[in-house]
file model-v5.cif (mmCIF, C-alpha atoms and all ligand atoms)
data_my_file
#
loop_
_atom_site.label_atom_id
_atom_site.label_comp_id
_atom_site.auth_asym_id
_atom_site.auth_seq_id
_atom_site.Cartn_x
_atom_site.Cartn_y
_atom_site.Cartn_z
CA MET K 1 5.17 -9.86 15.65
CA SER K 2 4.99 -12.60 18.20
CA ASN K 3 8.15 -14.26 16.86
CA GLN K 4 10.07 -11.09 17.46
CA VAL K 5 8.72 -10.76 20.96
CA LEU K 6 9.96 -14.24 21.73
CA SER K 7 13.35 -13.87 20.06
CA ALA K 8 15.77 -11.02 20.56
CA ALA K 9 18.29 -12.39 18.04
CA GLU K 10 19.32 -10.13 15.15
CA PRO K 11 17.27 -10.98 12.08
CA LEU K 12 19.10 -12.13 8.95
CA THR K 13 16.67 -10.39 6.62
CA TRP K 14 14.82 -7.16 7.28
CA VAL K 15 13.04 -4.27 5.64
CA GLU K 16 14.15 -0.66 6.03
CA VAL K 17 11.58 2.09 5.48
CA SER K 18 12.95 5.59 5.03
CA GLN K 19 11.22 8.27 7.07
CA ALA K 20 12.79 10.94 4.84
CA ASP K 21 11.37 9.35 1.69
CA LEU K 22 7.89 8.93 3.20
CA THR K 23 7.95 12.54 4.36
CA HIS K 24 9.07 13.71 0.92
CA ASN K 25 6.25 11.75 -0.76
CA ILE K 26 3.60 13.07 1.62
CA ASN K 27 4.84 16.62 1.09
CA VAL K 28 4.63 16.43 -2.70
CA LEU K 29 1.24 14.69 -2.58
CA ARG K 30 -0.10 17.27 -0.13
CA HIS K 31 1.10 20.03 -2.41
CA ALA K 32 -0.52 18.37 -5.46
CA SER K 33 -3.82 17.79 -3.65
CA ARG K 34 -4.14 21.53 -3.10
CA ALA K 35 -4.40 22.24 -6.83
CA ARG K 36 -7.69 24.08 -6.30
CA GLY K 37 -6.59 25.94 -3.22
CA GLN K 38 -8.45 23.64 -0.80
CA ALA K 39 -6.65 21.31 1.57
CA PRO K 40 -8.31 17.89 1.41
CA VAL K 41 -7.97 15.43 4.27
CA LEU K 42 -5.00 13.18 3.52
CA CYS K 43 -5.91 9.57 4.23
CA ALA K 44 -2.88 7.32 3.76
CA MET K 45 -3.81 3.71 3.17
CA VAL K 46 -2.09 1.30 5.56
CA LYS K 47 -4.13 -1.77 4.69
CA GLY K 48 -2.19 -4.88 3.72
CA ASN K 49 0.41 -4.36 6.48
CA ALA K 50 0.97 -0.85 5.08
CA TYR K 51 1.54 -2.33 1.62
CA GLY K 52 4.11 -4.61 3.20
CA HIS K 53 6.03 -1.74 4.81
CA GLY K 54 4.95 -2.80 8.32
CA LEU K 55 1.66 -1.61 9.78
CA LEU K 56 2.57 -0.02 13.08
CA PRO K 57 5.98 1.54 12.38
CA THR K 58 4.80 2.81 9.01
CA ALA K 59 1.56 4.21 10.46
CA ARG K 60 3.65 6.16 12.96
CA ALA K 61 6.04 7.32 10.25
CA LEU K 62 3.19 8.48 8.01
CA LEU K 63 1.58 10.39 10.87
CA ALA K 64 4.94 11.99 11.61
CA ALA K 65 5.06 12.92 7.91
CA GLY K 66 1.80 14.78 8.38
CA VAL K 67 -1.02 12.59 7.05
CA ASP K 68 -4.40 13.22 8.72
CA TRP K 69 -6.09 9.82 8.59
CA LEU K 70 -5.03 6.21 8.12
CA GLY K 71 -6.94 3.79 5.90
CA THR K 72 -7.24 0.23 7.20
CA GLY K 73 -8.40 -3.01 5.62
CA ASP K 74 -9.84 -4.99 8.52
CA ILE K 75 -10.63 -5.03 12.24
CA HIS K 76 -7.28 -6.62 13.05
CA GLU K 77 -5.43 -3.58 11.72
CA ILE K 78 -7.76 -1.22 13.61
CA GLU K 79 -7.12 -3.14 16.85
CA VAL K 80 -3.34 -3.15 16.36
CA LEU K 81 -3.25 0.61 15.73
CA ARG K 82 -5.59 1.54 18.57
CA GLY K 83 -3.97 -0.99 20.90
CA ASN K 84 -0.63 0.71 20.32
CA GLY K 85 -1.79 4.19 21.10
CA ILE K 86 -2.56 5.50 17.61
CA GLU K 87 -5.35 8.03 18.13
CA ALA K 88 -5.54 9.44 14.60
CA PRO K 89 -8.79 8.94 12.68
CA LEU K 90 -8.95 5.46 11.14
CA TYR K 91 -11.11 4.75 8.11
CA ASN K 92 -11.74 1.15 7.10
CA VAL K 93 -12.27 0.60 3.39
CA CYS K 94 -12.68 -3.17 3.08
CA TYR K 95 -15.25 -5.67 4.30
CA LEU K 96 -16.32 -5.62 7.95
CA PRO K 97 -18.92 -8.17 9.02
CA PRO K 98 -21.51 -6.68 11.44
CA HIS K 99 -19.73 -7.83 14.64
CA HIS K 100 -16.46 -6.32 13.43
CA ALA K 101 -18.27 -3.11 12.53
CA ALA K 102 -19.57 -2.96 16.10
CA ARG K 103 -16.03 -3.37 17.41
CA ALA K 104 -14.80 -0.65 15.04
CA VAL K 105 -17.40 1.74 16.49
CA GLU K 106 -16.18 0.95 20.01
CA LEU K 107 -12.64 1.71 18.88
CA GLY K 108 -13.74 4.99 17.35
CA ALA K 109 -12.89 3.98 13.78
CA ARG K 110 -15.01 5.10 10.84
CA PHE K 111 -15.76 2.85 7.91
CA VAL K 112 -17.38 2.45 4.55
CA VAL K 113 -20.96 1.10 4.52
CA TYR K 114 -23.20 -0.41 1.88
CA ASP K 115 -25.01 -3.06 3.89
CA ASP K 116 -28.08 -2.74 6.15
CA ASP K 117 -26.89 -5.36 8.65
CA VAL K 118 -23.68 -3.41 9.20
CA ILE K 119 -25.65 -0.20 9.83
CA THR K 120 -27.86 -1.99 12.33
CA ALA K 121 -24.83 -3.35 14.18
CA ALA K 122 -23.12 0.07 14.09
CA ALA K 123 -26.21 1.80 15.52
CA ARG K 124 -26.52 -0.73 18.34
CA ALA K 125 -22.82 -0.47 19.22
CA ALA K 126 -22.99 3.33 19.11
CA ARG K 127 -25.96 3.35 21.47
CA GLN K 128 -24.20 1.01 23.88
CA CYS K 129 -20.83 2.73 23.97
CA GLY K 130 -22.18 6.26 23.85
CA ARG K 131 -20.29 7.45 20.78
CA ARG K 132 -21.67 8.12 17.34
CA ALA K 133 -20.74 5.86 14.45
CA HIS K 134 -19.18 7.83 11.61
CA LEU K 135 -20.17 6.20 8.34
CA HIS K 136 -19.21 6.68 4.70
CA VAL K 137 -21.70 5.43 2.13
CA LYS K 138 -20.08 3.69 -0.83
CA ILE K 139 -21.70 4.66 -4.09
CA GLU K 140 -21.55 2.16 -6.94
CA THR K 141 -20.31 3.82 -10.09
CA GLY K 142 -18.85 0.93 -12.06
CA ASN K 143 -16.30 -1.05 -10.04
CA ASN K 144 -19.03 -3.48 -8.94
CA ARG K 145 -17.33 -4.83 -5.83
CA GLN K 146 -18.87 -2.83 -3.00
CA GLY K 147 -21.34 0.00 -3.18
CA LEU K 148 -24.93 0.99 -3.70
CA ARG K 149 -26.55 2.24 -6.87
CA HIS K 150 -28.15 5.66 -6.91
CA ASP K 151 -31.56 4.93 -5.30
CA ALA K 152 -30.21 2.47 -2.75
CA ALA K 153 -27.49 4.96 -1.75
CA LEU K 154 -30.15 7.63 -1.20
CA ALA K 155 -32.19 5.25 0.94
CA MET K 156 -29.15 4.37 3.06
CA ALA K 157 -28.24 8.02 3.49
CA ASP K 158 -31.83 8.65 4.69
CA ARG K 159 -31.60 5.84 7.18
CA ILE K 160 -28.29 7.07 8.61
CA ALA K 161 -29.50 10.67 8.81
CA ALA K 162 -32.62 9.57 10.71
CA ASP K 163 -30.68 7.81 13.48
CA PRO K 164 -29.12 10.08 16.14
CA HIS K 165 -26.45 7.45 16.89
CA LEU K 166 -25.24 7.47 13.30
CA HIS K 167 -23.41 10.19 11.43
CA LEU K 168 -23.22 10.35 7.66
CA GLU K 169 -19.66 11.60 7.56
CA GLY K 170 -18.74 10.83 3.97
CA LEU K 171 -19.57 9.55 0.52
CA ALA K 172 -17.12 7.48 -1.48
CA THR K 173 -16.60 5.63 -4.70
CA HIS K 174 -13.65 3.76 -6.17
CA PHE K 175 -12.34 3.79 -9.74
CA ALA K 176 -12.36 0.56 -11.70
CA ASP K 177 -10.02 1.45 -14.53
CA VAL K 178 -7.72 4.32 -13.89
CA GLU K 179 -4.30 2.64 -13.55
CA ASP K 180 -4.51 0.16 -16.40
CA THR K 181 -5.08 2.52 -19.27
CA THR K 182 -4.29 5.91 -20.74
CA ASN K 183 -7.94 6.22 -21.81
CA HIS K 184 -9.85 7.59 -18.85
CA ALA K 185 -13.33 7.89 -20.36
CA PHE K 186 -14.71 5.20 -18.05
CA ALA K 187 -13.16 6.80 -14.96
CA ARG K 188 -14.64 10.15 -15.99
CA SER K 189 -18.07 8.54 -16.35
CA GLN K 190 -17.72 7.09 -12.84
CA LEU K 191 -16.95 10.55 -11.54
CA GLN K 192 -20.09 11.94 -13.18
CA ARG K 193 -22.26 9.22 -11.64
CA PHE K 194 -20.68 9.88 -8.25
CA ASP K 195 -21.18 13.64 -8.46
CA ALA K 196 -24.82 13.19 -9.50
CA CYS K 197 -25.55 10.81 -6.63
CA ALA K 198 -23.70 12.94 -4.07
CA ALA K 199 -25.62 16.03 -5.20
CA ALA K 200 -28.94 14.15 -4.91
CA ILE K 201 -28.05 13.03 -1.37
CA ARG K 202 -27.18 16.59 -0.37
CA VAL K 203 -30.52 17.86 -1.67
CA ARG K 204 -32.49 15.05 -0.05
CA LEU K 205 -30.88 15.60 3.38
CA GLY K 206 -30.88 19.39 3.12
CA LEU K 207 -27.07 19.54 3.29
CA PRO K 208 -25.13 22.49 1.82
CA PRO K 209 -23.76 22.00 -1.69
CA ALA K 210 -20.15 20.93 -2.31
CA GLY K 211 -17.78 23.83 -1.88
CA ASP K 212 -20.12 25.76 0.44
CA PRO K 213 -18.27 27.12 3.49
CA HIS K 214 -20.65 25.11 5.72
CA ASP K 215 -20.19 21.89 3.78
CA GLN K 216 -18.93 19.16 6.12
CA LEU K 217 -19.66 16.09 4.04
CA LEU K 218 -16.42 14.32 3.12
CA THR K 219 -16.67 13.21 -0.48
CA HIS K 220 -13.77 11.12 -1.69
CA VAL K 221 -12.95 9.35 -4.91
CA SER K 222 -9.21 9.72 -5.44
CA ASN K 223 -6.71 6.92 -5.09
CA SER K 224 -3.06 7.57 -5.97
CA ALA K 225 -3.58 7.44 -9.72
CA ALA K 226 -6.50 9.87 -9.65
CA LEU K 227 -4.60 12.23 -7.36
CA LEU K 228 -1.59 12.17 -9.70
CA LEU K 229 -3.73 12.56 -12.83
CA TRP K 230 -6.47 14.95 -11.72
CA PRO K 231 -5.40 16.79 -8.58
CA GLU K 232 -8.21 19.27 -9.30
CA VAL K 233 -10.94 16.66 -8.62
CA CYS K 234 -9.72 15.56 -5.20
CA GLY K 235 -12.93 16.23 -3.31
CA ALA K 236 -12.73 16.71 0.43
CA MET K 237 -10.45 13.75 1.08
CA VAL K 238 -7.93 11.66 -0.86
CA ARG K 239 -7.17 8.01 -0.15
CA PHE K 240 -3.73 7.23 -1.46
CA GLY K 241 -1.64 4.16 -0.87
CA ILE K 242 1.01 3.28 -3.42
CA ALA K 243 2.15 6.87 -4.02
CA ALA K 244 2.75 7.45 -0.30
CA TYR K 245 5.26 4.62 -0.48
CA GLY K 246 6.97 6.29 -3.42
CA LEU K 247 5.74 4.10 -6.26
CA TRP K 248 3.81 5.23 -9.34
CA PRO K 249 0.54 3.30 -9.64
CA SER K 250 1.51 2.11 -13.12
CA LYS K 251 3.47 2.98 -16.26
CA GLU K 252 0.18 4.08 -17.82
CA THR K 253 -0.40 6.60 -15.04
CA LEU K 254 3.08 8.06 -15.47
CA LEU K 255 2.64 8.14 -19.24
CA SER K 256 -0.77 9.80 -18.93
CA VAL K 257 0.72 12.57 -16.82
CA GLN K 258 3.61 12.99 -19.26
CA MET K 259 1.14 13.18 -22.17
CA THR K 260 -0.53 16.20 -20.58
CA GLY K 261 2.83 17.96 -20.72
CA LYS K 262 2.98 18.31 -16.94
CA GLN K 263 6.10 17.48 -14.97
CA PRO K 264 5.39 14.21 -13.09
CA LEU K 265 5.80 14.36 -9.32
CA GLU K 266 9.05 12.99 -8.02
CA LEU K 267 8.17 10.06 -5.76
CA ARG K 268 10.81 8.21 -3.77
CA PRO K 269 10.45 4.48 -3.04
CA ALA K 270 10.70 4.22 0.74
CA LEU K 271 11.31 0.49 1.11
CA THR K 272 14.56 -1.46 0.96
CA TRP K 273 14.58 -5.19 1.64
CA LYS K 274 17.94 -6.40 2.82
CA THR K 275 19.79 -9.50 3.84
CA GLN K 276 23.44 -10.45 4.15
CA ILE K 277 25.80 -13.01 2.72
CA ALA K 278 25.68 -16.11 4.88
CA GLN K 279 28.28 -18.24 3.12
CA LEU K 280 30.59 -18.17 0.06
CA ARG K 281 31.68 -21.14 -2.04
CA ASP K 282 33.94 -21.39 -5.06
CA MET K 283 32.47 -23.85 -7.53
CA PRO K 284 34.14 -25.24 -10.63
CA ALA K 285 32.39 -25.18 -14.01
CA GLY K 286 29.83 -27.93 -14.55
CA GLU K 287 28.27 -28.06 -11.05
CA TYR K 288 24.54 -27.99 -10.50
CA ILE K 289 23.06 -25.61 -7.96
CA GLY K 290 20.03 -26.33 -5.80
CA TYR K 291 16.78 -28.26 -6.07
CA GLY K 292 15.82 -29.69 -9.42
CA ARG K 293 19.34 -28.97 -10.81
CA THR K 294 17.84 -26.03 -12.70
CA PHE K 295 21.19 -24.23 -12.96
CA ARG K 296 24.64 -25.51 -13.93
CA THR K 297 27.76 -23.41 -13.69
CA VAL K 298 29.48 -22.71 -17.01
CA ARG K 299 32.58 -21.15 -15.47
CA PRO K 300 34.35 -21.21 -12.12
CA THR K 301 31.70 -19.49 -10.03
CA LYS K 302 31.65 -17.85 -6.63
CA VAL K 303 28.26 -18.69 -5.12
CA ALA K 304 26.83 -16.74 -2.20
CA LEU K 305 24.15 -18.21 0.03
CA LEU K 306 21.51 -15.75 1.26
CA PRO K 307 19.45 -16.55 4.38
CA VAL K 308 16.07 -15.65 2.86
CA GLY K 309 13.52 -17.63 0.90
CA TYR K 310 9.89 -17.99 -0.09
CA TYR K 311 8.95 -18.31 3.59
CA ASP K 312 9.94 -14.65 3.86
CA GLY K 313 8.01 -13.72 0.73
CA TYR K 314 10.94 -13.93 -1.68
CA ASP K 315 8.88 -15.55 -4.39
CA ARG K 316 9.95 -18.93 -5.76
CA GLY K 317 9.07 -17.54 -9.18
CA LEU K 318 12.28 -15.48 -8.90
CA SER K 319 14.40 -18.65 -9.32
CA ASN K 320 17.05 -18.21 -12.03
CA LEU K 321 15.48 -14.86 -12.88
CA ALA K 322 15.99 -12.17 -10.28
CA GLN K 323 19.02 -10.07 -9.50
CA VAL K 324 20.15 -8.73 -6.15
CA LEU K 325 22.62 -5.96 -5.33
CA VAL K 326 25.98 -6.75 -3.76
CA HIS K 327 28.52 -3.93 -3.43
CA GLY K 328 26.32 -1.93 -5.80
CA GLN K 329 26.57 -4.59 -8.51
CA ARG K 330 23.86 -6.85 -9.86
CA ALA K 331 24.25 -10.52 -8.97
CA HIS K 332 21.96 -13.14 -10.51
CA VAL K 333 19.87 -15.57 -8.52
CA ILE K 334 21.00 -19.01 -9.70
CA GLY K 335 19.05 -22.16 -9.03
CA ARG K 336 15.76 -22.44 -7.22
CA VAL K 337 14.63 -20.13 -4.47
CA ALA K 338 14.13 -22.44 -1.49
CA MET K 339 12.05 -21.97 1.65
CA ASN K 340 14.83 -20.24 3.61
CA MET K 341 17.73 -19.97 1.16
CA VAL K 342 18.67 -18.32 -2.09
CA THR K 343 21.89 -18.76 -4.08
CA VAL K 344 23.41 -15.95 -6.14
CA ASP K 345 26.38 -15.69 -8.47
CA VAL K 346 28.83 -13.16 -7.03
CA THR K 347 31.78 -14.09 -9.25
CA ASP K 348 31.87 -10.55 -10.68
CA CYS K 349 31.46 -8.70 -7.39
CA PRO K 350 35.03 -8.11 -6.20
CA GLY K 351 35.86 -8.29 -2.54
CA VAL K 352 32.68 -9.99 -1.30
CA ALA K 353 32.80 -11.39 2.20
CA VAL K 354 30.47 -13.22 4.53
CA GLY K 355 28.26 -10.71 6.35
CA ASP K 356 28.18 -8.19 3.48
CA GLU K 357 24.89 -6.40 2.88
CA VAL K 358 22.70 -7.64 0.03
CA VAL K 359 19.73 -5.67 -1.30
CA LEU K 360 16.87 -7.80 -2.56
CA LEU K 361 14.55 -4.91 -3.36
CA GLY K 362 15.21 -1.19 -3.52
CA ALA K 363 18.39 0.84 -3.91
CA GLN K 364 21.79 0.08 -2.45
CA ARG K 365 23.79 3.00 -1.12
CA GLU K 366 27.26 3.62 -2.49
CA PRO K 367 30.10 3.74 0.05
CA ASN K 368 29.81 7.56 -0.11
CA GLY K 369 26.14 7.34 0.96
CA GLN K 370 24.65 8.20 -2.42
CA PRO K 371 21.86 5.92 -3.70
CA GLY K 372 23.30 3.52 -6.28
CA ASP K 373 21.69 0.93 -8.52
CA GLU K 374 18.16 -0.14 -7.65
CA ILE K 375 16.05 -3.26 -7.95
CA GLY K 376 12.68 -1.59 -8.46
CA ALA K 377 9.45 -3.15 -7.27
CA GLU K 378 8.24 -2.67 -10.85
CA GLN K 379 11.15 -4.72 -12.18
CA MET K 380 10.54 -7.49 -9.68
CA ALA K 381 6.85 -7.43 -10.61
CA GLY K 382 7.88 -7.87 -14.24
CA TRP K 383 9.98 -10.93 -13.36
CA LEU K 384 6.98 -12.38 -11.56
CA GLY K 385 4.24 -11.42 -14.00
CA THR K 386 2.42 -9.35 -11.41
CA ILE K 387 2.21 -5.76 -10.18
CA HIS K 388 4.46 -3.97 -7.73
CA TYR K 389 1.56 -3.61 -5.26
CA GLU K 390 1.72 -7.37 -4.79
CA VAL K 391 5.52 -7.48 -4.65
CA VAL K 392 5.76 -5.17 -1.63
CA THR K 393 2.61 -6.41 0.09
CA ARG K 394 3.73 -10.03 0.05
CA ILE K 395 6.94 -9.52 2.00
CA ALA K 396 6.12 -11.78 4.92
CA GLU K 397 4.77 -10.18 8.06
CA HIS K 398 7.46 -11.80 10.24
CA VAL K 399 10.26 -9.97 8.39
CA GLN K 400 11.38 -7.17 10.71
CA ARG K 401 10.58 -3.60 9.62
CA ARG K 402 12.90 -0.77 10.67
CA ILE K 403 12.18 2.87 10.14
CA VAL K 404 15.46 4.54 9.19
CA ALA K 405 16.16 8.25 8.92
C1 LIG X 501 -6.35 0.56 -1.48
C2 LIG X 501 -7.34 1.59 -1.76
C3 LIG X 501 -6.95 2.88 -2.16
C4 LIG X 501 -5.52 3.25 -2.44
O1 LIG X 501 -5.15 2.85 -3.76
P1 LIG X 501 -3.70 3.25 -4.33
O2 LIG X 501 -3.78 2.87 -5.77
O3 LIG X 501 -2.71 2.44 -3.58
O4 LIG X 501 -3.54 4.69 -4.09
C5 LIG X 501 -7.93 3.84 -2.27
N1 LIG X 501 -9.23 3.55 -2.05
C6 LIG X 501 -9.64 2.32 -1.69
C7 LIG X 501 -11.08 2.07 -1.46
C8 LIG X 501 -8.72 1.30 -1.54
O5 LIG X 501 -9.13 0.08 -1.20
#
call {"tool": "encode", "arguments": {"input": "model-v5.cif", "output": "structure tokens", "more": "lines below"}}
Ligand SMILES: *Cc1c(COP(=O)(O)O)cnc(C)c1O
result
Amino acid sequence: MSNQVLSAAEPLTWVEVSQADLTHNINVLRHASRARGQAPVLCAMVKGNAYGHGLLPTARALLAAGVDWLGTGDIHEIEVLRGNGIEAPLYNVCYLPPHHAARAVELGARFVVYDDDVITAAARAARQCGRRAHLHVKIETGNNRQGLRHDAALAMADRIAADPHLHLEGLATHFADVEDTTNHAFARSQLQRFDACAAAIRVRLGLPPAGDPHDQLLTHVSNSAALLLWPEVCGAMVRFGIAAYGLWPSKETLLSVQMTGKQPLELRPALTWKTQIAQLRDMPAGEYIGYGRTFRTVRPTKVALLPVGYYDGYDRGLSNLAQVLVHGQRAHVIGRVAMNMVTVDVTDCPGVAVGDEVVLLGAQREPNGQPGDEIGAEQMAGWLGTIHYEVVTRIAEHVQRRIVA
């Protein structure tokens, strides 16, 4: 980030991402994706600043862990990755306006298409820069955000196949309701619609059927939840985000796997958000803490000030609600979360001193190096009335990310 380029000072709050945990997660997901003996392309999603883990360092760490492709969310992410020497295939899944699509072609990134103007721009850019545009048609099966219904998808596939500058590399769809339920009838119906449309496109274009040794069309439907639930329907590529980072997509997904009697995969959360104690104060009973006087001490209280706040993405909704880890113990946030400061009650954490490590999110290591208690992203999401995807993604971009062993 530009701030970090300008300032060499040690940050007071930072995120650590464990290479070992990412590698572990990729290994178990790779193993699961081979349920039918094939080895699908592993596309790890790094959109949303790599789900808040830090785009560039995490992209490098995931590639080191053995993923094949990276999934981006916009042209900015494609430019950052390419501009920093990442040569791996990039696949953009979110909206690209035509001029961004043209830029993506120049940068050799592939992307999802469902829009004639984008195809026109991609073809023109491909002609001009002398490389083919690799396109993945999004088939609408029930999510109703992006995608083309059956006949329109066939027409777009025709158009791409007829243009020598364009390459129909893949077909995709996205589940609407796989994480939020243990009833997967709707997801199954989406899969049927996708399979029917993909088969019709293969016939129309004279392509070999799925599973044929000469089949090169990359069909992909699986996000993390689908990969964890139905490893046997992976298709030729899987696009997983949350599971790569070591988080289950939802309680319902975990429960659904448990209900089948299978042993759930062991995923390891890779992210730890840390800060340190900036100041300690001994307060008598009866003192208010912070803006709005929303907390009043009921006992002599040792209050630690943490140099982190909602500017850094530590949500103000955590006021008087969250806990942090100090010396492996839980300490409560007391009073309001401010823009750059948080106050916590460390009365029951013996031996605290200024400069001590505080874990805001993730596990704190015991002095012997073993992982101790953990503030899970799921628990923080519960405090905030949201999902853990949002919790990790909203850690502010300026917070430094460090890959640790
Ligand atoms: C973000 C995204 C995924 C990954 O979803 P997870 O639940 O994080 O695995 C897959 N496909 C598309 C199209 C996405 O936008």
call {"tool": "residues_near_ligand", "arguments": {"input": "model-v5.cif", "ligand": "ligand LIG 501 (chain X)", "cutoff": "6 Å", "atoms": "all atoms listed in the file", "output": "VMD selection string"}}
result
chain K and resid 45 93 174 223 to 224 239 to 242 249
call {"tool": "closest_residue", "arguments": {"input": "model-v5.cif", "among": "K:His184, K:His332, K:Arg82, K:His136", "to": "Ala198 (chain K)", "atoms": "only C-alpha atoms"}}
result
K:His136
call {"tool": "residues_near_point", "arguments": {"input": "model-v5.cif", "point": "(24.5, -29.0, -9.5)", "cutoff": "12 Å", "atoms": "all atoms listed in the file", "output": "list in words"}}
result
Met283, Pro284, Ala285, Gly286, Glu287, Tyr288, Ile289, Gly290, Tyr291, Gly292, Arg293, Thr294, Phe295, Arg296, Thr297, Val298, Thr301, Val303, Ile334, Gly335, Arg336 and Thr343 of chain K
call {"tool": "closest_residue", "arguments": {"input": "model-v5.cif", "among": "K:Pro89, K:Gly37, K:Gly309, K:Gly362", "to": "Val17 (chain K)", "atoms": "all atoms listed in the file"}}
result
K:Gly362
call {"tool": "residues_around", "arguments": {"input": "model-v5.cif", "residues": "region 367-377 of chain K", "least_positions_apart": "6", "cutoff": "7 Å", "atoms": "all atoms listed in the file", "output": "list in words"}}
result
Gly328, Leu361, His388 and Val391 of chain K
call {"tool": "closest_atom_pairs", "arguments": {"input": "model-v5.cif", "of": "region 90-128 of chain K", "to": "region 144-158 of chain K", "cutoff": "12 Å", "atoms": "all atoms listed in the file", "output": "CSV"}}
result
residue,atom,partner,partner_atom,distance
K:Val93,CA,K:Gln146,CA,9.8
K:Cys94,CA,K:Gln146,CA,8.7
K:Tyr95,CA,K:Gln146,CA,8.6
K:Leu96,CA,K:Gln146,CA,11.6
K:Val112,CA,K:Gly147,CA,9.0
K:Val113,CA,K:Gly147,CA,7.8
K:Tyr114,CA,K:Gly147,CA,5.4
K:Asp115,CA,K:Gly147,CA,8.5
K:Asp116,CA,K:Met156,CA,7.8
K:Asp117,CA,K:Met156,CA,11.4
K:Val118,CA,K:Met156,CA,11.3
K:Ile119,CA,K:Met156,CA,8.9
K:Thr120,CA,K:Met156,CA,11.3
